[in-house]
$ cat input.csv   # CSV, C-alpha atoms
chain,number,residue,atom,x,y,z
A,48,MET,CA,-7.7,57.7,39.3
A,49,ASP,CA,-4.3,58.3,37.7
A,50,ASP,CA,-4.3,57.5,33.9
A,51,ARG,CA,-0.6,57.8,33.5
A,52,LEU,CA,1.5,54.6,33.0
A,53,SER,CA,4.5,53.8,35.1
A,54,ASP,CA,7.8,53.2,33.4
A,55,ALA,CA,7.5,49.5,34.0
A,56,ASP,CA,4.0,49.4,32.5
A,57,ARG,CA,5.1,51.4,29.5
A,58,ARG,CA,8.0,49.0,28.9
A,59,ARG,CA,5.6,46.0,29.1
A,60,LEU,CA,3.2,47.7,26.6
A,61,LEU,CA,6.0,48.4,24.2
A,62,ALA,CA,7.3,44.9,24.4
A,63,LEU,CA,3.9,43.5,23.7
A,64,VAL,CA,3.3,45.8,20.7
A,65,GLY,CA,6.8,45.0,19.4
A,66,SER,CA,6.3,41.2,19.6
A,67,GLY,CA,2.9,41.5,17.9
A,68,LEU,CA,4.4,43.6,15.1
A,69,THR,CA,7.3,41.1,14.7
A,70,ALA,CA,4.8,38.1,14.5
A,71,GLY,CA,2.6,40.0,12.0
A,72,LEU,CA,5.6,40.9,9.8
A,73,ALA,CA,6.9,37.3,9.9
A,74,GLY,CA,3.6,36.1,8.5
A,75,CYS,CA,4.0,38.5,5.6
A,76,GLY,CA,7.3,37.1,4.5
A,77,GLY,CA,5.9,35.3,1.5
A,78,GLY,CA,5.3,31.7,0.8
A,79,GLY,CA,1.8,31.7,2.1
A,80,ASP,CA,0.9,28.6,4.1
A,81,GLN,CA,3.6,26.5,2.4
A,82,PRO,CA,6.1,25.1,4.8
A,83,THR,CA,9.8,25.4,3.8
A,84,PRO,CA,12.1,22.4,3.9
A,85,THR,CA,13.4,23.4,7.3
A,86,ASP,CA,9.9,23.8,8.8
A,87,THR,CA,8.5,21.0,10.9
A,88,VAL,CA,5.2,19.3,10.8
A,89,THR,CA,3.7,17.6,13.7
A,90,GLN,CA,1.8,14.4,13.2
A,91,SER,CA,0.2,12.4,15.9
A,92,ASP,CA,-1.2,9.0,16.5
A,93,SER,CA,-2.9,7.5,19.5
A,94,ASP,CA,0.4,6.8,21.2
A,95,ARG,CA,2.6,9.9,20.6
A,96,THR,CA,3.2,13.1,18.8
A,97,THR,CA,6.2,13.4,16.5
A,98,THR,CA,7.7,16.4,14.8
A,99,ALA,CA,9.9,16.0,11.8
A,100,ALA,CA,11.5,18.5,9.4
A,101,LEU,CA,10.1,18.3,5.9
A,102,ASP,CA,13.5,17.3,4.5
A,103,GLU,CA,13.8,14.3,6.9
A,104,PRO,CA,11.9,11.0,7.4
A,105,ALA,CA,9.5,10.9,10.3
A,106,PRO,CA,8.9,8.1,12.7
A,107,VAL,CA,6.1,5.8,11.3
A,108,PRO,CA,2.9,6.3,13.3
A,109,ALA,CA,1.5,3.1,14.8
A,110,ASP,CA,-1.9,3.8,13.3
A,111,ALA,CA,-0.9,4.9,9.8
A,112,ALA,CA,-2.4,2.9,6.9
A,113,CYS,CA,-0.8,2.6,3.5
A,114,PRO,CA,-2.9,4.7,1.1
A,115,VAL,CA,-2.4,2.1,-1.6
A,116,CYS,CA,-3.0,-1.3,0.1
A,117,GLN,CA,-4.3,-0.3,3.5
A,118,MET,CA,-1.8,-2.4,5.4
A,119,VAL,CA,-0.1,-1.0,8.5
A,120,PRO,CA,3.5,0.3,7.7
A,121,ALA,CA,4.6,0.2,11.3
A,122,ASP,CA,4.2,-3.6,11.2
A,123,TYR,CA,6.9,-3.8,8.5
A,124,PRO,CA,9.9,-1.8,9.7
A,125,ASP,CA,12.3,-3.7,7.4
A,126,TRP,CA,10.3,-2.7,4.3
A,127,ASN,CA,8.4,0.6,4.9
A,128,ALA,CA,8.7,3.9,3.1
A,129,GLN,CA,7.2,7.4,3.2
A,130,VAL,CA,6.7,10.6,1.2
A,131,VAL,CA,6.2,14.2,2.3
A,132,HIS,CA,4.4,16.7,0.1
A,133,ASP,CA,5.2,20.4,-0.2
A,134,ASP,CA,2.2,21.2,2.1
A,135,GLY,CA,3.7,19.0,4.8
A,136,GLN,CA,1.3,16.1,4.4
A,137,ARG,CA,3.0,12.7,4.8
A,138,ALA,CA,2.0,9.3,3.6
A,139,PHE,CA,3.5,6.0,4.9
A,140,PHE,CA,3.8,2.7,3.1
A,141,ASP,CA,4.4,-0.9,4.0
A,142,THR,CA,6.7,-1.4,1.0
A,143,SER,CA,8.6,0.4,-1.8
A,144,GLY,CA,6.1,-1.0,-4.4
A,145,CYS,CA,3.2,0.8,-2.8
A,146,LEU,CA,5.2,4.0,-2.4
A,147,LEU,CA,6.2,3.9,-6.1
A,148,ALA,CA,2.6,3.3,-7.2
A,149,TYR,CA,1.6,6.3,-5.2
A,150,TYR,CA,4.5,8.4,-6.6
A,151,ALA,CA,3.7,7.4,-10.2
A,152,VAL,CA,0.0,8.0,-9.9
A,153,PRO,CA,-0.6,10.5,-7.1
A,154,ASP,CA,-4.0,11.5,-8.3
A,155,ARG,CA,-5.2,7.9,-7.6
A,156,PHE,CA,-3.8,7.6,-4.1
A,157,ALA,CA,-2.7,11.0,-2.6
A,158,ALA,CA,-5.0,13.1,-0.3
A,159,THR,CA,-3.4,16.3,-1.5
A,160,ASP,CA,-2.6,17.9,-4.8
A,161,ALA,CA,0.7,19.4,-3.5
A,162,PRO,CA,3.8,18.0,-5.2
A,163,VAL,CA,5.9,15.3,-3.5
A,164,SER,CA,9.0,16.9,-2.1
A,165,GLY,CA,10.7,14.1,-0.2
A,166,VAL,CA,10.8,10.3,-0.5
A,167,TRP,CA,12.4,7.7,1.8
A,168,VAL,CA,12.6,4.0,1.3
A,169,THR,CA,14.3,1.1,3.1
A,170,ASP,CA,17.5,0.0,1.5
A,171,PHE,CA,17.1,-3.6,0.5
A,172,GLU,CA,20.5,-4.7,1.7
A,173,THR,CA,21.2,-2.5,4.8
A,174,ARG,CA,17.6,-2.1,6.0
A,175,GLU,CA,18.4,1.5,6.7
A,176,THR,CA,16.1,4.4,5.7
A,177,ILE,CA,17.6,6.1,2.6
A,178,ASP,CA,16.7,9.0,0.4
A,179,GLY,CA,14.4,7.5,-2.3
A,180,LEU,CA,14.9,10.3,-4.9
A,181,PRO,CA,18.5,9.5,-5.8
A,182,ALA,CA,18.1,5.7,-5.0
A,183,SER,CA,18.4,3.0,-7.6
A,184,TYR,CA,15.6,0.4,-7.9
A,185,ALA,CA,16.1,-3.1,-9.1
A,186,LEU,CA,13.0,-4.2,-11.0
A,187,GLU,CA,12.4,-7.6,-9.4
A,188,THR,CA,10.0,-9.8,-11.4
A,189,ASP,CA,10.1,-13.1,-9.4
A,190,PRO,CA,7.6,-13.0,-6.5
A,191,ASP,CA,9.4,-16.1,-5.0
A,192,ARG,CA,12.9,-14.6,-4.8
A,193,VAL,CA,12.2,-12.3,-1.8
A,194,ASP,CA,9.9,-13.0,1.1
A,195,ASP,CA,8.4,-9.5,1.5
A,196,PRO,CA,5.0,-8.2,2.6
A,197,MET,CA,3.5,-7.7,-0.8
A,198,ARG,CA,5.2,-10.6,-2.6
A,199,LEU,CA,6.7,-8.4,-5.4
A,200,ASN,CA,8.5,-5.0,-5.0
A,201,PRO,CA,11.2,-3.1,-6.7
A,202,ALA,CA,14.3,-3.4,-4.5
A,203,PRO,CA,15.7,0.0,-3.4
A,204,PHE,CA,19.4,0.6,-3.0
A,205,ALA,CA,21.4,3.7,-1.9
A,206,ASP,CA,24.2,2.7,-4.2
A,207,ARG,CA,23.7,1.8,-7.9
A,208,SER,CA,26.5,-0.7,-7.7
A,209,ASP,CA,24.5,-2.7,-5.1
A,210,ALA,CA,21.5,-2.7,-7.4
A,211,VAL,CA,23.6,-3.9,-10.3
A,212,ALA,CA,25.0,-6.7,-8.1
A,213,TYR,CA,21.4,-7.7,-7.2
A,214,VAL,CA,20.3,-8.0,-10.8
A,215,GLU,CA,23.5,-9.7,-11.9
A,216,ALA,CA,23.0,-12.5,-9.4
A,217,VAL,CA,20.2,-13.9,-11.5
A,218,ASP,CA,19.8,-14.7,-15.2
A,219,TYR,CA,16.4,-13.2,-15.7
A,220,LEU,CA,17.4,-9.5,-14.9
A,221,THR,CA,19.9,-7.2,-16.5
A,222,THR,CA,21.4,-3.9,-15.7
A,223,ASP,CA,18.5,-2.4,-17.8
A,224,ASP,CA,16.3,-3.4,-14.8
A,225,VAL,CA,18.1,-0.9,-12.6
A,226,VAL,CA,16.3,2.4,-12.7
A,227,GLY,CA,15.8,5.7,-10.9
A,228,ILE,CA,12.6,6.9,-9.4
A,229,GLU,CA,11.8,9.0,-12.6
A,230,ALA,CA,11.3,5.7,-14.5
A,231,PHE,CA,8.1,5.0,-12.5
A,232,ASP,CA,5.1,5.7,-14.5
A,233,ARG,CA,1.6,4.2,-14.4
A,234,ASP,CA,2.6,1.1,-16.5
A,235,LEU,CA,5.5,0.3,-14.1
A,236,ALA,CA,3.3,1.0,-11.1
A,237,GLU,CA,0.7,-1.5,-12.4
A,238,ARG,CA,3.4,-4.1,-12.8
A,239,TYR,CA,3.7,-4.1,-9.0
A,240,ARG,CA,0.2,-3.1,-7.8
A,241,ALA,CA,-2.2,-3.9,-10.7
A,242,ARG,CA,-5.1,-4.9,-8.4
A,243,PHE,CA,-5.2,-1.4,-6.9
A,244,PHE,CA,-6.0,0.0,-10.4
A,245,GLU,CA,-8.7,-2.5,-11.4
A,246,ASP,CA,-11.7,-0.4,-10.6
A,247,GLU,CA,-10.8,2.5,-13.0
$ encode --input "input.csv" --output "structure tokens"
Amino acid sequence: MDDRLSDADRRRLLALVGSGLTAGLAGCGGGGDQPTPTDTVTQSDSDRTTTAALDEPAPVPADAACPVCQMVPADYPDWNAQVVHDDGQRAFFDTSGCLLAYYAVPDRFAATDAPVSGVWVTDFETRETIDGLPASYALETDPDRVDDPMRLNPAPFADRSDAVAYVEAVDYLTTDDVVGIEAFDRDLAERYRARFFEDE
């Protein structure tokens, strides 16, 4: 039996060793298991598998449940919202009020300790998905003003001027009621979702 490799076999062997070495070195590039913002994370539900970059919103899975109220976000496309954590885990919400309660008190609702890296909400006026981190939120206090799934939610707007116009249309809100996401703390979260904090 001839133990010598042919030129073709030698090239195949070198290609395999080279690709294995490249893959091994790629894993040593730092960052551990943490995805980067351009990485993608695949989430699946019973109907489909979707892949979304960590710096983009993902399609809302049909079987996702809001981690705050347990309603089904896919049933409320004009209201839903989502977050993604640094570790790639996503959470989907039926409304901005649930998302903001989660954002303000993640240790109460989140399934991961990883920081939130992306937030998307539905613009109150356009009904388009917008970046929730720079968005402006009108702190609505009248549950009868808007017919939304949870009766009372902050109204998200991509443009602060639209949020200001929203509060100026009524006499019970002022421009002080237009805030950024950083304003949401436990007290403000409880204003909108008090019943989900009752057992603490």
$ residues_around --input "input.csv" --residues "Ala205 of chain A" --least-positions-apart "6" --cutoff "7 Å" --atoms "all atoms listed in the file" --output "ChimeraX atom specification"
/A:170,177,182-183
$ write_last_selection --input "input.csv" --atoms "C-alpha atoms" --output "compact mmCIF listing (two decimals), in the coordinates of the input"
# COMPACT_ATOMS: atom_id res chain seq x y z
CA ASP A 170 17.50 0.00 1.50
CA ILE A 177 17.60 6.10 2.60
CA ALA A 182 18.10 5.70 -5.00
CA SER A 183 18.40 3.00 -7.60
$ residues_near_point --input "input.csv" --point "(14.2, -3.4, -12.4)" --cutoff "12 Å" --atoms "all atoms listed in the file" --output "MDAnalysis selection string"
chainID A and resid 144 183:189 199:204 207 210:211 213:215 219:228 230:231 235:236 238:239
$ atom_distance --input "input.csv" --atom1 "atom CA of Ala99 of chain A" --atom2 "atom CA of Val131 of chain A"
10.4 Å
$ residues_around --input "input.csv" --residues "segment 117-129 of chain A" --least-positions-apart "4" --cutoff "7 Å" --atoms "all atoms listed in the file" --output "list in words"
Val107, Pro108, Ala109, Ala111, Ala112, Cys113, Arg137, Ala138, Phe139, Phe140, Asp141, Thr142, Ser143, Leu146, Val166, Trp167, Val168, Thr169 and Arg174 of chain A
$ residues_around --input "input.csv" --residues "Ala158 of chain A" --least-positions-apart "5" --cutoff "9 Å" --atoms "all atoms listed in the file" --output "list in words"
Pro114, Gln136, Ala138 and Pro153 of chain A
$ closest_residue --input "input.csv" --among "A:Val193, A:Ala161, A:Ala148, A:Ala212" --to "Arg233 of chain A" --atoms "only C-alpha atoms"
A:Ala148
$ atom_distance --input "input.csv" --atom1 "atom CA of Met197 of chain A" --atom2 "atom CA of Cys145 of chain A"
8.7 Å
$ atom_distance --input "input.csv" --atom1 "atom CA of Asp133 of chain A" --atom2 "atom CA of Leu101 of chain A"
8.1 Å
$ closest_residue --input "input.csv" --among "A:Asp160, A:Pro106, A:Phe171, A:Asp154" --to "Asp194 of chain A" --atoms "all atoms listed in the file"
A:Phe171
